[in-house]
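Quick notes on the structure that follows.
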Amino acid sequence: MNAIIYARVSTKEQKKGYSLEAQVESCQNAADRDGVKIDKIFQEAESASKVGRSGFAEMAKYIDSNNGVIVYCEKVDRLHRNYSDMALISMMIQEGKCEIRFVREAFRLHEDSPPGDWMNFGMNGVIADNYARNLSREVKKGQRKRFENGWKVCGRVPLGFEIEPKTRHIIHDEEKAPLVKKLFEFAATGNFSLVELQSLALEWGLVHNTAKRLSSTIHRMLHNPFYYGWLKSETLGEKMGAHEPIVSKKLWDEVQTKLAQRNKASTKRRTHTFIFTGAMRCECGEAIVGMLAKKRYVYYNCRNRCYKFTREWDLEDQFEEAIAKLTVPRELFEIAVNELKGERANFSKTQKDTIADVKRRISKIETKIAKLVDEKLEGRIDEKAYEVAFSRFEGEMETLKIHEADLKSEAPPDFSEAENLFKLLEEPVAVYQALNTGGKNEFVKMVCSNSILKNGTLTPTYRKPFDRIAEGRDCQTMLGWLDKVRTYLISFEGRFPDFGVRQTA
Ligand SMILES: [Zn+2]
């Protein structure tokens, strides 16, 4: 037969100093006296008036799968506090699946137990159940009263407040309340992101780094209406609280607006972007992700940790080498820009000529229509012939006007993006180096995609047209190279991010 121990304390009992250890120990002693070896210990520290608590459920599962289990339990009221637990355990005893040995009451309950023992067990259960119900009712009554008086009833007091031990009123935490207010004021300027507000809170000592999911703590705090005095309870409703607010409603509202605006502007932004975020893969196929160590150093690795971590500055050195290969020599750059300008001028001239031609044809038809009307008025053609001719001219006119509108709306090819790119490629490393982290990330992703990082060595995969540019440097003829790049650039217009080169050159 397997033997187990089941121990439980409620939250309240725990506060009063009842411990699980003591229960387990007295059960263990009883088992030792019986000469029984304990296979498993189930324990839990919570109120058992809720059905389906985890420790009890696990024990029931264990009994069910190991036929014939001895359960050591300190007291009957430890075992169950509601009817459904009681029914379950009774059934398992009657089916011979387990035997309960109550240590304190010194009686055993098994399938052949006398009716007196079953009654004892049952009565204890009823009393325990009644106790739990009363307790919960009293607690609820007390909560309602407290809420009606304007006090927060459950959960922790928000940061910046504390509970006055005697009156149980909620008062300002003298040290933290001013910092909370300051944080709201910073947030209301709209100049700080949540991450920045979070580091301010850390710096000021308002929160500690041990708090998991710190940003959500700050987020929840800045959205909590409790700070301007509003009391909210899921079960009891909402009302103005009796506590002294830390911020005004006006300030609180301002913060909500500003946070919503920032949120809208940055829904796509990740919480942490490093220079090489989203730019590389490991051999194993996993993305290489960056992480911050000691708040300052950025390291990269794949999720499978195939190789050692790679430091960011080592990667930057390699990436700079890769983009240095994209440098376009000055003279080539000039040829390219002139070519592009010539092409644009050419287009404009051709377009102008075509539009003029269409205009001429339109005015010809207008003349014809005027003549037709004259003839009709002078009675030289009959009604039917007039209608036929008129609708034909009208149709032609319509077609020409659509053509004219199309021509006018057709913009000359815009090579300014191509020009910008050539400017960028005069000194790509210098441009890159002058950027901040976000800009560098954009730059990396513009130039490369899915580059491979293997054991700290970067093998760049250039995106179009950079692949052609890198390739073209080895081309024998400059014009051949230019031709390759240019055809690509024409379809690429308007897509290069501005890295600050547009204004300078
Ligand atoms: Zn890997």
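Letters for chains follow the order of the structure tokens (A, B, ...), residue numbers begin at 1 for each chain, and ligand numbers begin at 1 in the order shown.
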Picked from region 87-192 of chain A by DSSP as strand (DSSP E), as a PyMOL selection string | chain A and resi 98-102+107-109+161-163+170-172
Kindly compile the residues surrounding ligand 1 within 8 Å, counting only C-alpha atoms and all ligand atoms, and format them as a VMD selection string.
-> chain A and resid 281 to 288 301 to 307
Go ahead and write the selection's residues with C-alpha atoms as an mmCIF file, in the first residue's frame.
data_model
loop_
_atom_site.group_PDB
_atom_site.id
_atom_site.type_symbol
_atom_site.label_atom_id
_atom_site.label_comp_id
_atom_site.auth_asym_id
_atom_site.auth_seq_id
_atom_site.Cartn_x
_atom_site.Cartn_y
_atom_site.Cartn_z
ATOM 1 C CA ARG A 281 19.431 34.254 -38.343
ATOM 2 C CA CYS A 282 21.419 31.467 -36.855
ATOM 3 C CA GLU A 283 22.401 28.426 -38.892
ATOM 4 C CA CYS A 284 19.710 26.516 -37.034
ATOM 5 C CA GLY A 285 17.075 28.830 -38.518
ATOM 6 C CA GLU A 286 16.173 30.661 -35.343
ATOM 7 C CA ALA A 287 16.271 34.444 -35.295
ATOM 8 C CA ILE A 288 19.216 36.041 -33.570
ATOM 9 C CA ASN A 301 22.326 34.773 -29.629
ATOM 10 C CA CYS A 302 19.728 32.465 -31.105
ATOM 11 C CA ARG A 303 17.070 30.939 -28.891
ATOM 12 C CA ASN A 304 18.748 27.555 -29.120
ATOM 13 C CA ARG A 305 22.035 29.010 -27.910
ATOM 14 C CA CYS A 306 23.955 27.220 -30.640
ATOM 15 C CA TYR A 307 27.094 29.250 -30.058
#
Extract, using only C-alpha atoms, all DNA, RNA and protein residues at most 7 Å from region 177-189 of chain A, discarding same-chain residues fewer than 3 positions from it, and format them as a CSV table (one decimal) with N, CA and C atoms, in the first residue's frame.
chain,number,residue,atom,x,y,z
A,160,GLY,N,2.4,54.1,-3.3
A,160,GLY,CA,2.2,55.5,-2.9
A,160,GLY,C,1.2,55.6,-1.7
A,161,PHE,N,0.5,54.5,-1.4
A,161,PHE,CA,-0.4,54.5,-0.3
A,161,PHE,C,0.0,53.5,0.7
A,172,HIS,N,-1.4,58.3,2.7
A,172,HIS,CA,-0.3,58.5,1.8
A,172,HIS,C,1.0,57.8,2.5
A,173,ASP,N,1.7,57.2,1.6
A,173,ASP,CA,3.1,56.7,2.0
A,173,ASP,C,3.9,58.0,1.8
A,174,GLU,N,4.4,58.6,3.0
A,174,GLU,CA,5.0,59.9,2.9
A,174,GLU,C,6.2,59.9,2.0
A,192,PHE,N,7.7,61.3,-22.5
A,192,PHE,CA,8.4,60.1,-22.0
A,192,PHE,C,7.6,58.9,-22.4
A,206,LEU,N,11.2,54.6,-6.6
A,206,LEU,CA,9.8,54.4,-6.4
A,206,LEU,C,9.5,52.9,-6.5
A,222,LEU,N,-0.3,54.2,-13.8
A,222,LEU,CA,-0.7,55.5,-14.5
A,222,LEU,C,-2.1,55.4,-15.0
A,246,ILE,N,-3.7,61.4,-4.6
A,246,ILE,CA,-2.3,61.8,-4.8
A,246,ILE,C,-2.2,62.8,-6.0
A,247,VAL,N,-3.1,62.6,-7.0
A,247,VAL,CA,-3.1,63.5,-8.1
A,247,VAL,C,-4.5,64.1,-8.4
A,251,LEU,N,-5.0,66.2,-13.8
A,251,LEU,CA,-3.6,65.7,-14.1
A,251,LEU,C,-3.8,64.2,-14.6
A,254,GLU,N,-5.1,64.1,-18.1
A,254,GLU,CA,-4.0,64.5,-19.0
A,254,GLU,C,-3.1,63.4,-19.4
A,255,VAL,N,-2.8,62.6,-18.3
A,255,VAL,CA,-1.9,61.5,-18.5
A,255,VAL,C,-2.5,60.4,-19.4
A,258,LYS,N,-2.3,61.6,-23.0
A,258,LYS,CA,-0.9,61.6,-23.5
A,258,LYS,C,-0.4,60.1,-23.7
Residues at most 10 Å from Ser113 (chain A), counting only C-alpha atoms, excluding those fewer than 5 positions away in the same chain, as JSON, numbers by chain?
-> {"A": [93, 94, 99, 107, 108, 118]}
Report as number ranges by chain: the residues of region 11-222 of chain A with a DSSP assignment of alpha helix (DSSP H), based on the backbone of this structure.
-> A: 11-15, 20-34, 54-65, 76-79, 83-94, 115-148, 177-189, 194-204, 214-222
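Among the candidate residues A:Glu331, A:Glu404, A:Glu238, A:Glu320, the one lying nearest to Lys440 (chain A) is A:Glu320, with distances computed using only C-alpha atoms.
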Residues near region 353-369 of chain A, cut-off 10 Å, only C-alpha atoms, skip fewer than 5 positions along chain, as a PyMOL selection string | chain A and resi 348+374-375+389-394+396-401+403-408
Can I get the selection written as a PDB file, in the first residue's frame, with N, CA and C atoms?
ATOM      1  N   SER A 348       9.965  64.436 -69.263  1.00  0.00           N
ATOM      2  CA  SER A 348       9.122  65.624 -69.190  1.00  0.00           C
ATOM      3  C   SER A 348       8.852  66.185 -70.581  1.00  0.00           C
ATOM      4  N   ASP A 374     -24.160  74.200 -86.856  1.00  0.00           N
ATOM      5  CA  ASP A 374     -24.548  75.217 -87.852  1.00  0.00           C
ATOM      6  C   ASP A 374     -25.405  74.603 -88.950  1.00  0.00           C
ATOM      7  N   GLU A 375     -24.917  73.480 -89.493  1.00  0.00           N
ATOM      8  CA  GLU A 375     -25.632  72.818 -90.590  1.00  0.00           C
ATOM      9  C   GLU A 375     -27.035  72.425 -90.185  1.00  0.00           C
ATOM     10  N   ALA A 389     -23.994  61.784 -86.270  1.00  0.00           N
ATOM     11  CA  ALA A 389     -22.695  62.469 -86.332  1.00  0.00           C
ATOM     12  C   ALA A 389     -22.313  63.035 -84.965  1.00  0.00           C
ATOM     13  N   PHE A 390     -23.291  63.610 -84.305  1.00  0.00           N
ATOM     14  CA  PHE A 390     -23.002  64.243 -83.027  1.00  0.00           C
ATOM     15  C   PHE A 390     -22.488  63.232 -82.011  1.00  0.00           C
ATOM     16  N   SER A 391     -23.199  62.089 -81.923  1.00  0.00           N
ATOM     17  CA  SER A 391     -22.762  61.121 -80.910  1.00  0.00           C
ATOM     18  C   SER A 391     -21.392  60.533 -81.251  1.00  0.00           C
ATOM     19  N   ARG A 392     -21.043  60.455 -82.555  1.00  0.00           N
ATOM     20  CA  ARG A 392     -19.713  59.956 -82.906  1.00  0.00           C
ATOM     21  C   ARG A 392     -18.639  60.936 -82.428  1.00  0.00           C
ATOM     22  N   PHE A 393     -18.841  62.238 -82.724  1.00  0.00           N
ATOM     23  CA  PHE A 393     -17.872  63.264 -82.273  1.00  0.00           C
ATOM     24  C   PHE A 393     -17.763  63.274 -80.757  1.00  0.00           C
ATOM     25  N   GLU A 394     -18.909  63.145 -80.145  1.00  0.00           N
ATOM     26  CA  GLU A 394     -18.922  63.180 -78.682  1.00  0.00           C
ATOM     27  C   GLU A 394     -18.082  62.041 -78.106  1.00  0.00           C
ATOM     28  N   GLU A 396     -15.585  60.420 -79.563  1.00  0.00           N
ATOM     29  CA  GLU A 396     -14.153  60.660 -79.810  1.00  0.00           C
ATOM     30  C   GLU A 396     -13.586  61.654 -78.806  1.00  0.00           C
ATOM     31  N   MET A 397     -14.378  62.701 -78.580  1.00  0.00           N
ATOM     32  CA  MET A 397     -13.975  63.754 -77.652  1.00  0.00           C
ATOM     33  C   MET A 397     -13.744  63.186 -76.250  1.00  0.00           C
ATOM     34  N   GLU A 398     -14.666  62.350 -75.848  1.00  0.00           N
ATOM     35  CA  GLU A 398     -14.596  61.720 -74.515  1.00  0.00           C
ATOM     36  C   GLU A 398     -13.284  60.943 -74.353  1.00  0.00           C
ATOM     37  N   THR A 399     -12.999  60.112 -75.383  1.00  0.00           N
ATOM     38  CA  THR A 399     -11.784  59.297 -75.334  1.00  0.00           C
ATOM     39  C   THR A 399     -10.537  60.169 -75.220  1.00  0.00           C
ATOM     40  N   LEU A 400     -10.485  61.219 -76.022  1.00  0.00           N
ATOM     41  CA  LEU A 400      -9.312  62.093 -76.001  1.00  0.00           C
ATOM     42  C   LEU A 400      -9.142  62.796 -74.651  1.00  0.00           C
ATOM     43  N   LYS A 401     -10.253  63.199 -74.088  1.00  0.00           N
ATOM     44  CA  LYS A 401     -10.155  63.915 -72.802  1.00  0.00           C
ATOM     45  C   LYS A 401      -9.636  62.998 -71.689  1.00  0.00           C
ATOM     46  N   HIS A 403      -7.678  60.483 -72.194  1.00  0.00           N
ATOM     47  CA  HIS A 403      -6.264  60.317 -72.505  1.00  0.00           C
ATOM     48  C   HIS A 403      -5.452  61.510 -72.004  1.00  0.00           C
ATOM     49  N   GLU A 404      -5.984  62.677 -72.222  1.00  0.00           N
ATOM     50  CA  GLU A 404      -5.297  63.897 -71.781  1.00  0.00           C
ATOM     51  C   GLU A 404      -5.126  63.907 -70.254  1.00  0.00           C
ATOM     52  N   ALA A 405      -6.214  63.562 -69.553  1.00  0.00           N
ATOM     53  CA  ALA A 405      -6.158  63.551 -68.090  1.00  0.00           C
ATOM     54  C   ALA A 405      -5.117  62.547 -67.595  1.00  0.00           C
ATOM     55  N   ASP A 406      -5.087  61.376 -68.275  1.00  0.00           N
ATOM     56  CA  ASP A 406      -4.102  60.351 -67.905  1.00  0.00           C
ATOM     57  C   ASP A 406      -2.684  60.881 -68.045  1.00  0.00           C
ATOM     58  N   LEU A 407      -2.446  61.525 -69.175  1.00  0.00           N
ATOM     59  CA  LEU A 407      -1.104  62.050 -69.438  1.00  0.00           C
ATOM     60  C   LEU A 407      -0.693  63.075 -68.386  1.00  0.00           C
ATOM     61  N   LYS A 408      -1.663  63.924 -68.051  1.00  0.00           N
ATOM     62  CA  LYS A 408      -1.334  64.980 -67.085  1.00  0.00           C
ATOM     63  C   LYS A 408      -1.026  64.404 -65.703  1.00  0.00           C
TER      64      LYS A 408
END
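Between Glu95 (chain A) and the residues A:Ile218, A:Phe443, A:Asp64, A:Pro465, the shortest atom-to-atom distance, using only C-alpha atoms, involves A:Asp64.
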